[in-house]
Protein chains: 2
Amino acid sequence: MSSSPTAAGEFSLIARHFQRRQPLRHAALGLGDDCALLQPLPGEQLAISTDTLVADRHFFADADPAAIGHKALAVNLSDLAAMGAQPLAFTLALTLPAADEPWLAAFAHGLLALADAHGCDLIGGDTTRGPLSLTITVFGSVPREQALLRSGAQAGDDIYVSHGATQGLGDALLALHLLQAQKGQAPAPALGYLSASQQSALLQTLQARLEWPTPRVALGQQLRGVASACIDLSDGLQGDIRHLLAASGTGATLWAQNPDGTGLLTAASPSLRTLGDAAAIDYALAGGDDYELLFTAAPAQRAALHAIANRTHLALARIGQMDAAPGLRLQHANGQAEAVAGKGYDHFS
Amino acid sequence: MSSSPTAAGEFSLIARHFQRRQPLRHAALGLGDDCALLQPLPGEQLAISTDTLVADRHFFADADPAAIGHKALAVNLSDLAAMGAQPLAFTLALTLPAADEPWLAAFAHGLLALADAHGCDLIGGDTTRGPLSLTITVFGSVPREQALLRSGAQAGDDIYVSHGATQGLGDALLALHLLQAQKGQAPAPALGYLSASQQSALLQTLQARLEWPTPRVALGQQLRGVASACIDLSDGLQGDIRHLLAASGTGATLWAQNPDGTGLLTAASPSLRTLGDAAAIDYALAGGDDYELLFTAAPAQRAALHAIANRTHLALARIGQMDAAPGLRLQHANGQAEAVAGKGYDHFS
């Protein structure tokens, strides 16, 4: 509540680290006035999402600031991806305990590198002093009536989840658990059969999945007209899929592992599969911070999805089927199904 | 960094306090999916602004939560007003130390009452646990090429500031100083000639100006095609006008008080004028949180502005003139001019 007039350091701070020399790609007016101006193309709707990251809740305060910048935008781009929208621009509200120049430079570098990779303009912002947190609001473009909603799934639709060739669901949660153990905040995961140096190597691989998530932006746009419903995995599959079920008025059965190779285990973290199938499934269901797309599609779309997987260099694991009966079930390899009880990560837990 | 799956309290929290039964007024899709969808009308641009309010920096943490909700949106609507934009919608990122139901109910009430007054839809949000702060991103509509920019002022233009009939610049800063004195955080302002009960009555009047600011939304829209440049006063006149001067490539002379009634003193807080002209001018120049519009217009627009003042029931004080010579000057009643040295409130001071 300080209010004495002083040197306008805030403004030069923003200018130095966040103003770009390059012209705006999608906005009519960017930083420097009371508002930015955006003009969607005719026939396009603007998709808008906002996400806050709070220090020591969504990231470790001592994490690489470049990674924090990357992740803050990545989680928002992931929401655009889940709607099938093309990124246009974003605003950044940055609350910092102090104007730490090296921190800001690294943060801006991580943030703007991802923005540039997606042609996404920083068009507005606010910098305030306070406990470290970031809120980004992102804007994307999607042709009218073509946005991927959560509400379009029907009984009989296939359920898919995206993942990288050597990445899977639960990687980020395992990395979090390893990091928490390293910091003495939690007991170590049951990785006793790995040597300390093997655990350290595993953490190094997985930490990138936690701190540098890759939003599936191209995939989301390719899924327009193919997927019947879509959501991004931020709070854990078993919680996030419930939003899709609620919006669509359906239930779902997920498969652990089928003889034909379909099922959750295919999409699970390769690192976790070495811990055993049960752990891999648990982490795949519970793991937050995956930022993969979970989507449904009619069985007639299987060939189209095969082609999309090839084009996007992603694996699209078929992990279950939508049911008319409400609820979420997991069918084990032995054919027995059980209700899935857990829910997603709750920021108010 | 907790990540254990638990009951989805966050989602029901949002639903209970922020979901409305009424249909969306301006958005194609609101809360409840990965993104909201907005579709500006043909020929309209979308004006976008974002502002963060941090507890005990922008408001007292123990303030009336309804006032906090009101102010968080008001400061954003003030940015739309400064562009001449009509409010359409907003997103809310809310970080709270705990899910305090009565606090949330009052906060939502204050927030949504102002939103309703301006036909502004809540279309997205994020709720996280952490130190109390709020970031709102607001969306408005403005006809293409008609947005009021900071860059359009020319030498010879009149300079105006809006104010209410019984309100003026510096009210909010005086209220802040009285409140800080009451809380023992600062020495009391020099109000010794007022009794304790008179000071208490004064605070009650002024506190509303600090905690329940009125964004000049209708005025901003009326100024399209009339004002040459516009900015809203959030950090104090002497700091904010510098942004306008820098963007327009001009200087300015403000008048303390002219015999014809023009000058800053007309727009100064009536409460402060009782403290003496010098104090009133100082507070008018330095005072943050005024949320009035400062704008420039060619002298040929004086009649049009008189009509706008009548239509909006606001006073539009003519307080100076734009100069070709750079810099900001204050011309006193005796005709002498001095350079204004102070700058605006800096959130990183």
# chains A, B, ... in the order shown; residues from 1 in each chain; ligands from 1
>>> select_by_dssp(residues="range 181-300 of chain B", states="helix (DSSP H, G or I)", output="PyMOL selection string")
chain B and resi 181-182+196-211+217-222+237-248+264-267+270-273+277-286+299-300
>>> residues_around(residues="range 104-112 of chain A", least_positions_apart="3", cutoff="12 Å", atoms="only C-alpha atoms", output="ChimeraX atom specification")
/A:13-20,63-77,89-92,94-101,115-123,127,132,134,136,211-212
>>> write_last_selection(atoms="N, CA and C atoms", output="short mmCIF file (atom, residue, chain, number, x, y, z; two decimals), in the first residue's frame")
data_model
loop_
_atom_site.label_atom_id
_atom_site.label_comp_id
_atom_site.auth_asym_id
_atom_site.auth_seq_id
_atom_site.Cartn_x
_atom_site.Cartn_y
_atom_site.Cartn_z
N LEU A 13 11.52 -1.83 -16.41
CA LEU A 13 11.69 -3.26 -16.19
C LEU A 13 10.96 -4.06 -17.26
N ILE A 14 9.71 -3.72 -17.45
CA ILE A 14 8.90 -4.43 -18.43
C ILE A 14 9.47 -4.20 -19.83
N ALA A 15 9.79 -2.94 -20.10
CA ALA A 15 10.28 -2.62 -21.43
C ALA A 15 11.55 -3.40 -21.74
N ARG A 16 12.45 -3.47 -20.75
CA ARG A 16 13.74 -4.08 -21.02
C ARG A 16 13.63 -5.57 -21.29
N HIS A 17 12.77 -6.25 -20.58
CA HIS A 17 12.78 -7.71 -20.69
C HIS A 17 11.67 -8.28 -21.57
N PHE A 18 10.59 -7.54 -21.72
CA PHE A 18 9.45 -8.15 -22.40
C PHE A 18 9.06 -7.47 -23.70
N GLN A 19 9.52 -6.23 -23.93
CA GLN A 19 9.20 -5.57 -25.20
C GLN A 19 10.06 -6.19 -26.29
N ARG A 20 9.47 -6.52 -27.43
CA ARG A 20 10.21 -7.10 -28.54
C ARG A 20 10.38 -6.06 -29.62
N ALA A 63 13.30 -23.13 -8.79
CA ALA A 63 13.45 -23.77 -10.10
C ALA A 63 14.09 -22.78 -11.08
N ASP A 64 14.65 -23.33 -12.15
CA ASP A 64 15.22 -22.53 -13.24
C ASP A 64 14.16 -21.53 -13.72
N PRO A 65 14.43 -20.23 -13.62
CA PRO A 65 13.42 -19.24 -14.03
C PRO A 65 13.00 -19.38 -15.50
N ALA A 66 13.91 -19.84 -16.35
CA ALA A 66 13.54 -20.07 -17.75
C ALA A 66 12.44 -21.14 -17.83
N ALA A 67 12.58 -22.18 -16.98
CA ALA A 67 11.57 -23.23 -16.97
C ALA A 67 10.23 -22.70 -16.44
N ILE A 68 10.29 -21.83 -15.45
CA ILE A 68 9.05 -21.25 -14.90
C ILE A 68 8.34 -20.44 -15.99
N GLY A 69 9.10 -19.64 -16.74
CA GLY A 69 8.53 -18.88 -17.84
C GLY A 69 7.92 -19.78 -18.90
N HIS A 70 8.66 -20.83 -19.24
CA HIS A 70 8.16 -21.78 -20.23
C HIS A 70 6.85 -22.42 -19.75
N LYS A 71 6.87 -22.91 -18.52
CA LYS A 71 5.72 -23.67 -18.04
C LYS A 71 4.48 -22.80 -17.90
N ALA A 72 4.67 -21.55 -17.48
CA ALA A 72 3.52 -20.66 -17.28
C ALA A 72 2.76 -20.48 -18.59
N LEU A 73 3.48 -20.36 -19.69
CA LEU A 73 2.81 -20.24 -20.98
C LEU A 73 2.34 -21.60 -21.48
N ALA A 74 3.15 -22.64 -21.25
CA ALA A 74 2.83 -23.98 -21.76
C ALA A 74 1.49 -24.47 -21.25
N VAL A 75 1.22 -24.25 -19.96
CA VAL A 75 -0.04 -24.77 -19.40
C VAL A 75 -1.24 -24.04 -20.01
N ASN A 76 -1.04 -22.79 -20.40
CA ASN A 76 -2.11 -22.04 -21.05
C ASN A 76 -2.27 -22.47 -22.51
N LEU A 77 -1.15 -22.68 -23.21
CA LEU A 77 -1.23 -23.16 -24.59
C LEU A 77 -1.90 -24.53 -24.64
N ALA A 89 -1.94 -14.78 -29.02
CA ALA A 89 -1.37 -13.76 -28.14
C ALA A 89 -1.63 -14.13 -26.69
N PHE A 90 -0.95 -13.43 -25.78
CA PHE A 90 -1.19 -13.64 -24.35
C PHE A 90 -0.85 -12.40 -23.55
N THR A 91 -1.43 -12.32 -22.35
CA THR A 91 -1.06 -11.30 -21.38
C THR A 91 -0.38 -11.99 -20.20
N LEU A 92 0.50 -11.25 -19.53
CA LEU A 92 1.27 -11.78 -18.41
C LEU A 92 1.09 -10.88 -17.20
N LEU A 94 2.61 -10.63 -13.60
CA LEU A 94 3.78 -11.17 -12.91
C LEU A 94 3.91 -10.51 -11.55
N THR A 95 3.85 -11.30 -10.49
CA THR A 95 4.05 -10.78 -9.14
C THR A 95 5.36 -11.34 -8.62
N LEU A 96 6.24 -10.44 -8.23
CA LEU A 96 7.62 -10.80 -7.87
C LEU A 96 7.98 -10.18 -6.52
N PRO A 97 8.72 -10.92 -5.68
CA PRO A 97 9.15 -10.33 -4.41
C PRO A 97 10.13 -9.17 -4.60
N ALA A 98 10.91 -9.19 -5.69
CA ALA A 98 11.89 -8.12 -5.93
C ALA A 98 12.21 -8.11 -7.42
N ALA A 99 12.69 -6.98 -7.90
CA ALA A 99 13.04 -6.87 -9.31
C ALA A 99 14.44 -7.45 -9.51
N ASP A 100 14.51 -8.77 -9.57
CA ASP A 100 15.77 -9.50 -9.71
C ASP A 100 16.09 -9.63 -11.20
N GLU A 101 17.06 -8.85 -11.66
CA GLU A 101 17.33 -8.76 -13.10
C GLU A 101 17.72 -10.09 -13.75
N ALA A 115 6.78 -18.74 -26.71
CA ALA A 115 5.85 -17.87 -27.43
C ALA A 115 6.22 -17.79 -28.91
N ASP A 116 7.51 -17.59 -29.17
CA ASP A 116 7.97 -17.49 -30.56
C ASP A 116 7.73 -18.80 -31.31
N ALA A 117 7.94 -19.92 -30.65
CA ALA A 117 7.75 -21.22 -31.30
C ALA A 117 6.31 -21.39 -31.77
N HIS A 118 5.40 -20.68 -31.11
CA HIS A 118 3.99 -20.80 -31.48
C HIS A 118 3.44 -19.51 -32.10
N GLY A 119 4.31 -18.57 -32.45
CA GLY A 119 3.86 -17.32 -33.07
C GLY A 119 2.87 -16.56 -32.21
N CYS A 120 3.12 -16.54 -30.90
CA CYS A 120 2.16 -16.01 -29.92
C CYS A 120 2.72 -14.69 -29.35
N ASP A 121 2.00 -13.58 -29.54
CA ASP A 121 2.49 -12.26 -29.13
C ASP A 121 2.16 -11.95 -27.67
N LEU A 122 3.14 -11.41 -26.93
CA LEU A 122 2.87 -10.84 -25.61
C LEU A 122 2.26 -9.45 -25.81
N ILE A 123 0.99 -9.29 -25.45
CA ILE A 123 0.30 -8.03 -25.80
C ILE A 123 -0.09 -7.20 -24.59
N THR A 127 2.99 -5.83 -13.73
CA THR A 127 4.07 -6.29 -12.86
C THR A 127 3.84 -5.70 -11.48
N LEU A 132 5.83 -14.53 -5.15
CA LEU A 132 6.01 -14.95 -6.55
C LEU A 132 4.82 -15.75 -7.08
N LEU A 134 2.37 -16.08 -11.09
CA LEU A 134 2.19 -15.65 -12.47
C LEU A 134 0.82 -16.05 -12.95
N ILE A 136 -1.21 -16.07 -16.59
CA ILE A 136 -1.21 -15.80 -18.03
C ILE A 136 -2.62 -16.01 -18.55
N GLU A 211 9.07 -29.77 -15.68
CA GLU A 211 9.36 -28.33 -15.72
C GLU A 211 9.27 -27.73 -17.12
N TRP A 212 9.37 -28.54 -18.14
CA TRP A 212 9.32 -28.04 -19.51
C TRP A 212 8.26 -28.80 -20.30
#
>>> residues_around(residues="Ser49 in chain B", least_positions_apart="3", cutoff="8 Å", atoms="only C-alpha atoms", output="list in words")
Asp34, Cys35, Ala36, Thr91, Gly124 and Gly125 of chain A; Asn76, Asp79, Leu80, Thr137, Val138 and Phe139 of chain B
>>> residues_around(residues="Ala246 in chain A", least_positions_apart="3", cutoff="10 Å", atoms="only C-alpha atoms", output="ChimeraX atom specification")
/A:150-151,241-243,249-251,326-327
>>> residues_around(residues="Ala325 in chain A", least_positions_apart="4", cutoff="12 Å", atoms="only C-alpha atoms", output="MDAnalysis selection string")
chainID A and resid 154:156 245:246 248:253 321 329 339
>>> closest_residue(among="B:Trp103, B:Phe60, B:Tyr291, B:Trp255", to="chain A", atoms="only C-alpha atoms")
B:Phe60
>>> closest_residue(among="B:Val226, B:Ala304, B:Ala341, B:Ala268", to="chain A", atoms="only C-alpha atoms")
B:Ala341
>>> closest_residue(among="B:Ala27, B:Ile48, B:Leu237, B:Leu316", to="chain A", atoms="only C-alpha atoms")
B:Ile48
>>> residues_around(residues="Leu206 in chain B", least_positions_apart="3", cutoff="9 Å", atoms="only C-alpha atoms", output="list in words")
Gln167, Asp171, Ala172, Leu174, Ala175, Leu176, Ala201, Leu202, Leu203, Arg209, Leu210, Glu211 and Ser271 of chain B
>>> closest_residue(among="A:Ala93, A:Asn334, A:Ser197, A:Asp56", to="Gln185 in chain A", atoms="only C-alpha atoms")
A:Asp56
>>> select_by_dssp(residues="range 67-299 of chain B", states="strand (DSSP E)", output="number ranges by chain")
B: 86-96, 121-129, 133-143, 158-163, 229-232, 251-255, 293-297
